[in-house]
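Engineer: Here it is, the structure, as structure tokens.
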Amino acid sequence: MNTLILFPLIVTAFFTAVHTLAYTRVVKHLHIKPQTCTLLKYLLLVNMIGILGYLASRYALNPPKIIYFFFSLSMGVGFVLFMGTILYEVLHLFQRIIPFKAEKRIFFKRVTDIGFLTVGSAYFGAGVLGGTKNPIVNFVEVKQNRFNGKHYTIVQISDLHIGGLLDKEFVAKSVAQINRLDADLIAITGDLSDAPIDSLKEAINELRHLKSRYGTYYVIGNHEYFHSLEKTIAYMKTIGIHVLENSAIKIDDFYIAGVYDLFGYRAKTHIPDIAKAMRDIPPEMPTLLLAHQPKYIEYLEGFTPSLILSGHTHGGQLWPFGFFVSLAQPYIKGLHPLGENRHIYVNSGMGFWGPAMRLGSSSEITCISWS
């Protein structure tokens, strides 16, 4: 089945189950008035409709930004319900097994129910607040003694997911912030767009104003495969962005290489090929590799790039979902050694997948000093 159809169906089935369990296993057991229980039931229904609206907005509709924002928050509520239902089952277990007298058991249940609702509301509010914050700049030193005392300043951005929530204004502000870092080179490590390129050109065009000594380099992520992949690649080239397609370019004392995303294996097009990307690079030359997913370190086929820049994970985006991301990816965020004088840096991204929320992970621009 086509991924564009299968994925929304899976998400719909998952959140339908979550909302059903939230009502039958949580709401109906809360120590609240029947009228309040009925109200919560209808709010759950409205939220599920909002999730369907979010999916429709991603793949078909093009609603105003404010409507898309509230649709995305429905996804956030869905995630809170998922975690909350698990937590409530644990609380419910304790409520049953603790040897209290009947009146104390009722009091304990009321207190834990109030605490449960309070914590859930605070979690959601903190996530929404985190999602409103501007990207931070993380300054990172990668010391490998590669360049005889010299260093190169590389600015990495990733996972903007332009479209829906992140628009021309956001991109323009981000470009201004990046240009103040006086970069030697700018790297964009995938998931740039979240809609067909024809609807995003006004925002994408702001990237032509990025300034660095050796230019801006871009590799595709998995989301580009969902939205006019070839047109996106072609258009990026027209605005002066170097698109690395299983290819490499020599820059002063090092090479920069880039590969297609691992999703290419499933899409059966634009498949990553590290051998093709590295074939013209002398073994002794320092190499910077752009690969959207940190999992690509498992596909290096014996090649040893000096520094790998990845994204994809959003740093987990909403705690504790980083744990689930770690089941598929070897690293969630930050700098990690891969061997002697070899590292990978995983950028937490600038945009969102799903809700416009962040908790335990900041939207970031990375400024790397590579020496």
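Identifiers in the structure tokens: chain A, B, ... in order shown; residue index from 1 per chain; ligand index from 1 in order shown.
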Which residues, written as a ChimeraX atom specification, have at least one atom at most 7 Å from segment 333-344 of chain A, with only C-alpha atoms counted and residues fewer than 3 positions away on the same chain left out?
Structural biologist: /A:144,306-309,315,347-348
Engineer: Rounded to one decimal, what separation in Å do you get between atom CA of Val219 of chain A and atom CA of Val259 of chain A?
Structural biologist: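 One can read the atom CA of Val219 of chain A to atom CA of Val259 of chain A distance as 6.6 Å.
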Engineer: Could you find all residues in segment 86-183 of chain A that DSSP calls strand (DSSP E or B) from the backbone, and write them as a ChimeraX atom specification?
Structural biologist: /A:136-142,152-157,162-163,166,183
Engineer: Keeping only N, CA and C atoms, write those residues as a PDB file, in the first residue's frame.
Structural biologist:
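Ended up saving to selection32.pdb:
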ATOM      1  N   ILE A 136      17.556  27.826  19.788  1.00  0.00           N
ATOM      2  CA  ILE A 136      18.776  28.217  20.489  1.00  0.00           C
ATOM      3  C   ILE A 136      19.967  27.883  19.598  1.00  0.00           C
ATOM      4  N   VAL A 137      21.093  28.529  19.841  1.00  0.00           N
ATOM      5  CA  VAL A 137      22.328  28.204  19.129  1.00  0.00           C
ATOM      6  C   VAL A 137      23.200  27.374  20.060  1.00  0.00           C
ATOM      7  N   ASN A 138      23.484  26.154  19.661  1.00  0.00           N
ATOM      8  CA  ASN A 138      24.395  25.291  20.415  1.00  0.00           C
ATOM      9  C   ASN A 138      25.782  25.378  19.792  1.00  0.00           C
ATOM     10  N   PHE A 139      26.747  25.812  20.596  1.00  0.00           N
ATOM     11  CA  PHE A 139      28.132  25.902  20.130  1.00  0.00           C
ATOM     12  C   PHE A 139      28.859  24.618  20.527  1.00  0.00           C
ATOM     13  N   VAL A 140      29.430  23.958  19.535  1.00  0.00           N
ATOM     14  CA  VAL A 140      30.040  22.644  19.743  1.00  0.00           C
ATOM     15  C   VAL A 140      31.459  22.645  19.189  1.00  0.00           C
ATOM     16  N   GLU A 141      32.400  22.104  19.957  1.00  0.00           N
ATOM     17  CA  GLU A 141      33.777  21.953  19.489  1.00  0.00           C
ATOM     18  C   GLU A 141      34.040  20.491  19.154  1.00  0.00           C
ATOM     19  N   VAL A 142      34.521  20.265  17.943  1.00  0.00           N
ATOM     20  CA  VAL A 142      34.924  18.918  17.519  1.00  0.00           C
ATOM     21  C   VAL A 142      36.424  18.970  17.250  1.00  0.00           C
ATOM     22  N   TYR A 152      37.329  25.084  11.144  1.00  0.00           N
ATOM     23  CA  TYR A 152      36.250  25.494  10.258  1.00  0.00           C
ATOM     24  C   TYR A 152      34.953  25.613  11.067  1.00  0.00           C
ATOM     25  N   THR A 153      34.224  26.693  10.798  1.00  0.00           N
ATOM     26  CA  THR A 153      32.940  26.907  11.456  1.00  0.00           C
ATOM     27  C   THR A 153      31.832  26.401  10.549  1.00  0.00           C
ATOM     28  N   ILE A 154      31.142  25.389  11.009  1.00  0.00           N
ATOM     29  CA  ILE A 154      30.052  24.776  10.252  1.00  0.00           C
ATOM     30  C   ILE A 154      28.750  24.998  11.006  1.00  0.00           C
ATOM     31  N   VAL A 155      27.792  25.590  10.344  1.00  0.00           N
ATOM     32  CA  VAL A 155      26.473  25.778  10.945  1.00  0.00           C
ATOM     33  C   VAL A 155      25.531  24.727  10.365  1.00  0.00           C
ATOM     34  N   GLN A 156      24.930  23.965  11.249  1.00  0.00           N
ATOM     35  CA  GLN A 156      24.008  22.917  10.830  1.00  0.00           C
ATOM     36  C   GLN A 156      22.579  23.257  11.247  1.00  0.00           C
ATOM     37  N   ILE A 157      21.650  23.103  10.302  1.00  0.00           N
ATOM     38  CA  ILE A 157      20.231  23.168  10.618  1.00  0.00           C
ATOM     39  C   ILE A 157      19.579  21.913  10.054  1.00  0.00           C
ATOM     40  N   ILE A 162       9.180  22.939   6.806  1.00  0.00           N
ATOM     41  CA  ILE A 162       8.499  24.136   6.323  1.00  0.00           C
ATOM     42  C   ILE A 162       7.169  23.738   5.699  1.00  0.00           C
ATOM     43  N   GLY A 163       6.131  24.488   6.055  1.00  0.00           N
ATOM     44  CA  GLY A 163       4.782  24.168   5.602  1.00  0.00           C
ATOM     45  C   GLY A 163       3.888  23.985   6.806  1.00  0.00           C
ATOM     46  N   LEU A 166       5.540  26.429  10.045  1.00  0.00           N
ATOM     47  CA  LEU A 166       6.748  27.223   9.834  1.00  0.00           C
ATOM     48  C   LEU A 166       6.701  27.837   8.437  1.00  0.00           C
ATOM     49  N   ALA A 183      29.617  31.746   9.299  1.00  0.00           N
ATOM     50  CA  ALA A 183      29.990  30.358   9.026  1.00  0.00           C
ATOM     51  C   ALA A 183      30.920  30.233   7.833  1.00  0.00           C
TER      52      ALA A 183
END
Engineer: Just checking: using only C-alpha atoms, which residue out of A:Gly130, A:Gly354, A:Gly115, A:Gly360 ends up closest to Ile51 of chain A?
Structural biologist: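 So, comparing all the options, the nearest one is A:Gly354.
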Engineer: Quote the spacing between atom CA of Phe170 of chain A and atom CA of Gly351 of chain A in Å to one decimal place.
Structural biologist: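 According to the coordinates, atom CA of Phe170 of chain A and atom CA of Gly351 of chain A are separated by 10.1 Å.
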Engineer: Which polymer residues have any atom within 12 Å of an atom of Leu87 of chain A, counting only C-alpha atoms, with same-chain residues fewer than 6 positions away left out, as a list in words?
Structural biologist: Ala22, Arg25, Val26, Val80, Leu81, Leu93, Phe94, Thr112, Asp113, Gly115, Phe116, Leu117, Val119 and Gly120 of chain A
Engineer: Write the residues of the selection above to a file with C-alpha atoms, as a CSV table (one decimal), in the first residue's frame.
Structural biologist:
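Okay, selection_21.csv is ready:
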chain,number,residue,atom,x,y,z
A,22,ALA,CA,-8.8,7.1,27.6
A,25,ARG,CA,-10.2,3.2,31.3
A,26,VAL,CA,-9.7,6.8,32.7
A,80,VAL,CA,-0.7,13.2,26.5
A,81,LEU,CA,-3.7,10.8,26.6
A,93,LEU,CA,-3.4,-0.6,40.4
A,94,PHE,CA,-2.0,1.1,43.5
A,112,THR,CA,-4.6,11.0,43.0
A,113,ASP,CA,-7.2,11.9,40.4
A,115,GLY,CA,-2.9,15.1,40.9
A,116,PHE,CA,-3.2,13.1,37.7
A,117,LEU,CA,-5.3,15.8,36.0
A,119,VAL,CA,0.2,16.9,36.1
A,120,GLY,CA,-1.4,16.1,32.7
Engineer: Near Met285 of chain A, within 8 Å and counting only C-alpha atoms, which residues show up once chain neighbours fewer than 3 positions away are dropped, as a count of residues only?
Structural biologist: 5
Engineer: Which residue out of A:Lys133, A:Lys201, A:His242, A:Arg180 has the minimum interatomic distance to Ser363 of chain A when only C-alpha atoms are used?
Structural biologist: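 Checking each candidate against Ser363 of chain A, we get A:Lys133 as the closest.
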Engineer: Any idea what the distance is between atom CA of Ser362 of chain A and atom CA of Pro64 of chain A?
Structural biologist: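 Separation between atom CA of Ser362 of chain A and atom CA of Pro64 of chain A: 25.6 Å.
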Engineer: Based on the backbone DSSP call, show me all residues of segment 232-346 of chain A assigned helix (DSSP H, G or I), as a PyMOL selection string.
Structural biologist: chain A and resi 232-238+263-267+274-278+294-299+314-316+322-326
Engineer: Could you write those residues out with N, CA and C atoms, as a tab-separated table (two decimals), in the first residue's frame?
Structural biologist:
chain	number	residue	atom	x	y	z
A	232	THR	N	11.52	19.17	-5.55
A	232	THR	CA	12.18	19.84	-4.44
A	232	THR	C	13.67	19.93	-4.69
A	233	ILE	N	14.28	18.82	-5.10
A	233	ILE	CA	15.72	18.81	-5.38
A	233	ILE	C	16.05	19.81	-6.48
A	234	ALA	N	15.26	19.80	-7.54
A	234	ALA	CA	15.53	20.69	-8.66
A	234	ALA	C	15.40	22.15	-8.25
A	235	TYR	N	14.39	22.45	-7.45
A	235	TYR	CA	14.18	23.85	-7.06
A	235	TYR	C	15.28	24.35	-6.12
A	236	MET	N	15.75	23.49	-5.22
A	236	MET	CA	16.82	23.90	-4.32
A	236	MET	C	18.06	24.31	-5.10
A	237	LYS	N	18.31	23.63	-6.20
A	237	LYS	CA	19.47	23.98	-7.01
A	237	LYS	C	19.32	25.36	-7.66
A	238	THR	N	18.09	25.76	-7.96
A	238	THR	CA	17.88	27.05	-8.61
A	238	THR	C	18.11	28.23	-7.67
A	263	PHE	N	15.06	6.20	3.75
A	263	PHE	CA	13.70	5.93	3.29
A	263	PHE	C	13.69	5.55	1.81
A	264	GLY	N	14.76	5.88	1.11
A	264	GLY	CA	14.86	5.53	-0.30
A	264	GLY	C	14.75	4.03	-0.55
A	265	TYR	N	15.20	3.22	0.43
A	265	TYR	CA	15.08	1.78	0.27
A	265	TYR	C	13.61	1.35	0.21
A	266	ARG	N	12.77	2.01	1.01
A	266	ARG	CA	11.34	1.68	1.01
A	266	ARG	C	10.64	2.29	-0.20
A	267	ALA	N	11.05	3.51	-0.57
A	267	ALA	CA	10.42	4.19	-1.70
A	267	ALA	C	10.88	3.63	-3.04
A	274	ILE	N	26.70	5.05	-0.22
A	274	ILE	CA	27.89	5.63	0.39
A	274	ILE	C	29.13	5.41	-0.48
A	275	ALA	N	29.20	4.27	-1.17
A	275	ALA	CA	30.36	4.00	-2.03
A	275	ALA	C	30.47	5.03	-3.15
A	276	LYS	N	29.34	5.36	-3.74
A	276	LYS	CA	29.33	6.37	-4.80
A	276	LYS	C	29.72	7.74	-4.26
A	277	ALA	N	29.22	8.07	-3.06
A	277	ALA	CA	29.51	9.38	-2.46
A	277	ALA	C	30.99	9.53	-2.12
A	278	MET	N	31.65	8.43	-1.72
A	278	MET	CA	33.02	8.50	-1.20
A	278	MET	C	34.08	8.07	-2.22
A	294	PRO	N	20.72	9.41	11.94
A	294	PRO	CA	21.94	8.91	12.59
A	294	PRO	C	22.13	7.40	12.40
A	295	LYS	N	21.05	6.68	12.14
A	295	LYS	CA	21.14	5.25	11.89
A	295	LYS	C	22.02	4.93	10.69
A	296	TYR	N	22.30	5.94	9.87
A	296	TYR	CA	23.12	5.68	8.69
A	296	TYR	C	24.52	5.20	9.03
A	297	ILE	N	24.96	5.38	10.27
A	297	ILE	CA	26.29	4.88	10.66
A	297	ILE	C	26.36	3.36	10.50
A	298	GLU	N	25.20	2.69	10.43
A	298	GLU	CA	25.17	1.23	10.24
A	298	GLU	C	25.30	0.85	8.77
A	299	TYR	N	25.36	1.84	7.88
A	299	TYR	CA	25.39	1.58	6.44
A	299	TYR	C	26.65	2.15	5.79
A	314	HIS	N	14.60	14.90	16.15
A	314	HIS	CA	14.03	16.05	16.87
A	314	HIS	C	14.44	16.06	18.34
A	315	GLY	N	15.50	15.33	18.65
A	315	GLY	CA	15.94	15.23	20.04
A	315	GLY	C	14.91	14.58	20.94
A	316	GLY	N	13.99	13.82	20.34
A	316	GLY	CA	12.90	13.23	21.11
A	316	GLY	C	11.64	14.09	21.09
A	322	GLY	N	11.60	10.30	23.45
A	322	GLY	CA	12.97	10.01	23.02
A	322	GLY	C	13.32	8.55	23.25
A	323	PHE	N	12.71	7.92	24.26
A	323	PHE	CA	12.96	6.51	24.51
A	323	PHE	C	12.51	5.67	23.32
A	324	PHE	N	11.34	5.98	22.77
A	324	PHE	CA	10.84	5.22	21.62
A	324	PHE	C	11.70	5.47	20.39
A	325	VAL	N	12.19	6.72	20.24
A	325	VAL	CA	13.08	7.03	19.12
A	325	VAL	C	14.37	6.22	19.23
A	326	SER	N	14.85	6.03	20.46
A	326	SER	CA	16.10	5.31	20.67
A	326	SER	C	16.00	3.83	20.29
Engineer: Could you pull the residues within 10 Å of Asp167 of chain A, counting only C-alpha atoms, minus those fewer than 5 positions along the same chain, as a list in words?
Structural biologist: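 Selected residues are Lys65, Leu160, His161, Ile162, Ala172, Leu200, Glu202, Ala203 and Ile204 of chain A.
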Engineer: Could you give me, as a PyMOL selection string, the residues within 10 Å of Gly78 of chain A, counting only C-alpha atoms and dropping anything in the same chain fewer than 5 positions from it?
Structural biologist: chain A and resi 14-16+18-19+22+44+47-48+50-51+72-73+83-84+355
Engineer: Could you write those residues out with N, CA and C atoms, as a PDB file, in the first residue's frame?
Structural biologist:
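Generated output (out-v2.pdb):
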ATOM      1  N   PHE A  14      -4.282   4.215  15.597  1.00  0.00           N
ATOM      2  CA  PHE A  14      -3.612   4.327  16.892  1.00  0.00           C
ATOM      3  C   PHE A  14      -4.338   5.305  17.810  1.00  0.00           C
ATOM      4  N   PHE A  15      -4.637   6.501  17.291  1.00  0.00           N
ATOM      5  CA  PHE A  15      -5.248   7.504  18.155  1.00  0.00           C
ATOM      6  C   PHE A  15      -6.727   7.207  18.430  1.00  0.00           C
ATOM      7  N   THR A  16      -7.381   6.482  17.549  1.00  0.00           N
ATOM      8  CA  THR A  16      -8.742   6.030  17.855  1.00  0.00           C
ATOM      9  C   THR A  16      -8.714   5.100  19.060  1.00  0.00           C
ATOM     10  N   VAL A  18      -6.338   5.035  21.364  1.00  0.00           N
ATOM     11  CA  VAL A  18      -5.929   5.821  22.532  1.00  0.00           C
ATOM     12  C   VAL A  18      -7.121   6.571  23.123  1.00  0.00           C
ATOM     13  N   HIS A  19      -7.923   7.219  22.275  1.00  0.00           N
ATOM     14  CA  HIS A  19      -9.061   7.985  22.773  1.00  0.00           C
ATOM     15  C   HIS A  19     -10.123   7.075  23.388  1.00  0.00           C
ATOM     16  N   ALA A  22      -8.761   6.002  26.696  1.00  0.00           N
ATOM     17  CA  ALA A  22      -8.760   7.136  27.627  1.00  0.00           C
ATOM     18  C   ALA A  22     -10.145   7.332  28.246  1.00  0.00           C
ATOM     19  N   LEU A  44     -13.118  14.545  24.030  1.00  0.00           N
ATOM     20  CA  LEU A  44     -12.300  13.512  23.395  1.00  0.00           C
ATOM     21  C   LEU A  44     -12.699  13.330  21.934  1.00  0.00           C
ATOM     22  N   ASN A  47     -11.403  16.236  19.975  1.00  0.00           N
ATOM     23  CA  ASN A  47      -9.957  16.142  19.778  1.00  0.00           C
ATOM     24  C   ASN A  47      -9.611  15.133  18.685  1.00  0.00           C
ATOM     25  N   MET A  48     -10.358  14.022  18.631  1.00  0.00           N
ATOM     26  CA  MET A  48     -10.107  13.036  17.583  1.00  0.00           C
ATOM     27  C   MET A  48     -10.422  13.627  16.208  1.00  0.00           C
ATOM     28  N   GLY A  50     -10.018  16.727  15.523  1.00  0.00           N
ATOM     29  CA  GLY A  50      -8.873  17.603  15.277  1.00  0.00           C
ATOM     30  C   GLY A  50      -7.677  16.844  14.722  1.00  0.00           C
ATOM     31  N   ILE A  51      -7.447  15.621  15.206  1.00  0.00           N
ATOM     32  CA  ILE A  51      -6.349  14.795  14.676  1.00  0.00           C
ATOM     33  C   ILE A  51      -6.597  14.450  13.213  1.00  0.00           C
ATOM     34  N   SER A  72      -2.704  20.675  15.120  1.00  0.00           N
ATOM     35  CA  SER A  72      -1.475  20.025  15.590  1.00  0.00           C
ATOM     36  C   SER A  72      -1.521  19.793  17.093  1.00  0.00           C
ATOM     37  N   LEU A  73      -2.139  20.725  17.832  1.00  0.00           N
ATOM     38  CA  LEU A  73      -2.243  20.537  19.276  1.00  0.00           C
ATOM     39  C   LEU A  73      -3.134  19.350  19.617  1.00  0.00           C
ATOM     40  N   MET A  83       0.193   8.703  27.157  1.00  0.00           N
ATOM     41  CA  MET A  83       1.009   8.569  28.360  1.00  0.00           C
ATOM     42  C   MET A  83       0.142   8.560  29.615  1.00  0.00           C
ATOM     43  N   GLY A  84      -0.897   9.406  29.610  1.00  0.00           N
ATOM     44  CA  GLY A  84      -1.763   9.505  30.783  1.00  0.00           C
ATOM     45  C   GLY A  84      -2.521   8.223  31.063  1.00  0.00           C
ATOM     46  N   PRO A 355       2.553  17.720  16.939  1.00  0.00           N
ATOM     47  CA  PRO A 355       2.173  18.935  17.663  1.00  0.00           C
ATOM     48  C   PRO A 355       3.284  19.974  17.699  1.00  0.00           C
TER      49      PRO A 355
END
Engineer: Mind checking which residues fall within 8 Å of Glu224 of chain A, counting only C-alpha atoms, ignoring those fewer than 5 positions away in the same chain, and posting them as a PyMOL selection string?
Structural biologist: chain A and resi 190-194+229+232
Engineer: Could you write out the selected residues, including N, CA and C atoms, as a PDB file, in the first residue's frame?
Structural biologist:
ATOM      1  N   GLY A 190      18.252  17.614   5.922  1.00  0.00           N
ATOM      2  CA  GLY A 190      17.021  16.921   5.580  1.00  0.00           C
ATOM      3  C   GLY A 190      15.756  17.360   6.284  1.00  0.00           C
ATOM      4  N   ASP A 191      14.626  16.816   5.802  1.00  0.00           N
ATOM      5  CA  ASP A 191      13.280  17.175   6.261  1.00  0.00           C
ATOM      6  C   ASP A 191      13.085  18.689   6.219  1.00  0.00           C
ATOM      7  N   LEU A 192      13.485  19.260   5.117  1.00  0.00           N
ATOM      8  CA  LEU A 192      13.351  20.702   4.930  1.00  0.00           C
ATOM      9  C   LEU A 192      11.893  21.096   4.754  1.00  0.00           C
ATOM     10  N   SER A 193      11.134  20.272   4.011  1.00  0.00           N
ATOM     11  CA  SER A 193       9.773  20.654   3.641  1.00  0.00           C
ATOM     12  C   SER A 193       8.765  19.617   4.108  1.00  0.00           C
ATOM     13  N   ASP A 194       7.542  20.086   4.294  1.00  0.00           N
ATOM     14  CA  ASP A 194       6.452  19.217   4.747  1.00  0.00           C
ATOM     15  C   ASP A 194       5.218  19.410   3.877  1.00  0.00           C
ATOM     16  N   LEU A 229       9.447  15.018  -4.454  1.00  0.00           N
ATOM     17  CA  LEU A 229      10.872  14.880  -4.170  1.00  0.00           C
ATOM     18  C   LEU A 229      11.753  15.468  -5.273  1.00  0.00           C
ATOM     19  N   THR A 232      11.515  19.175  -5.555  1.00  0.00           N
ATOM     20  CA  THR A 232      12.178  19.844  -4.437  1.00  0.00           C
ATOM     21  C   THR A 232      13.673  19.933  -4.691  1.00  0.00           C
TER      22      THR A 232
END
Engineer: For a quick check of understanding, using only C-alpha atoms, which of A:Lys211, A:Lys268, A:Tyr54, A:Leu43 has the smallest distance to Ile186 of chain A?
Structural biologist: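 The shortest atom-to-atom distance to Ile186 of chain A comes from A:Lys211.
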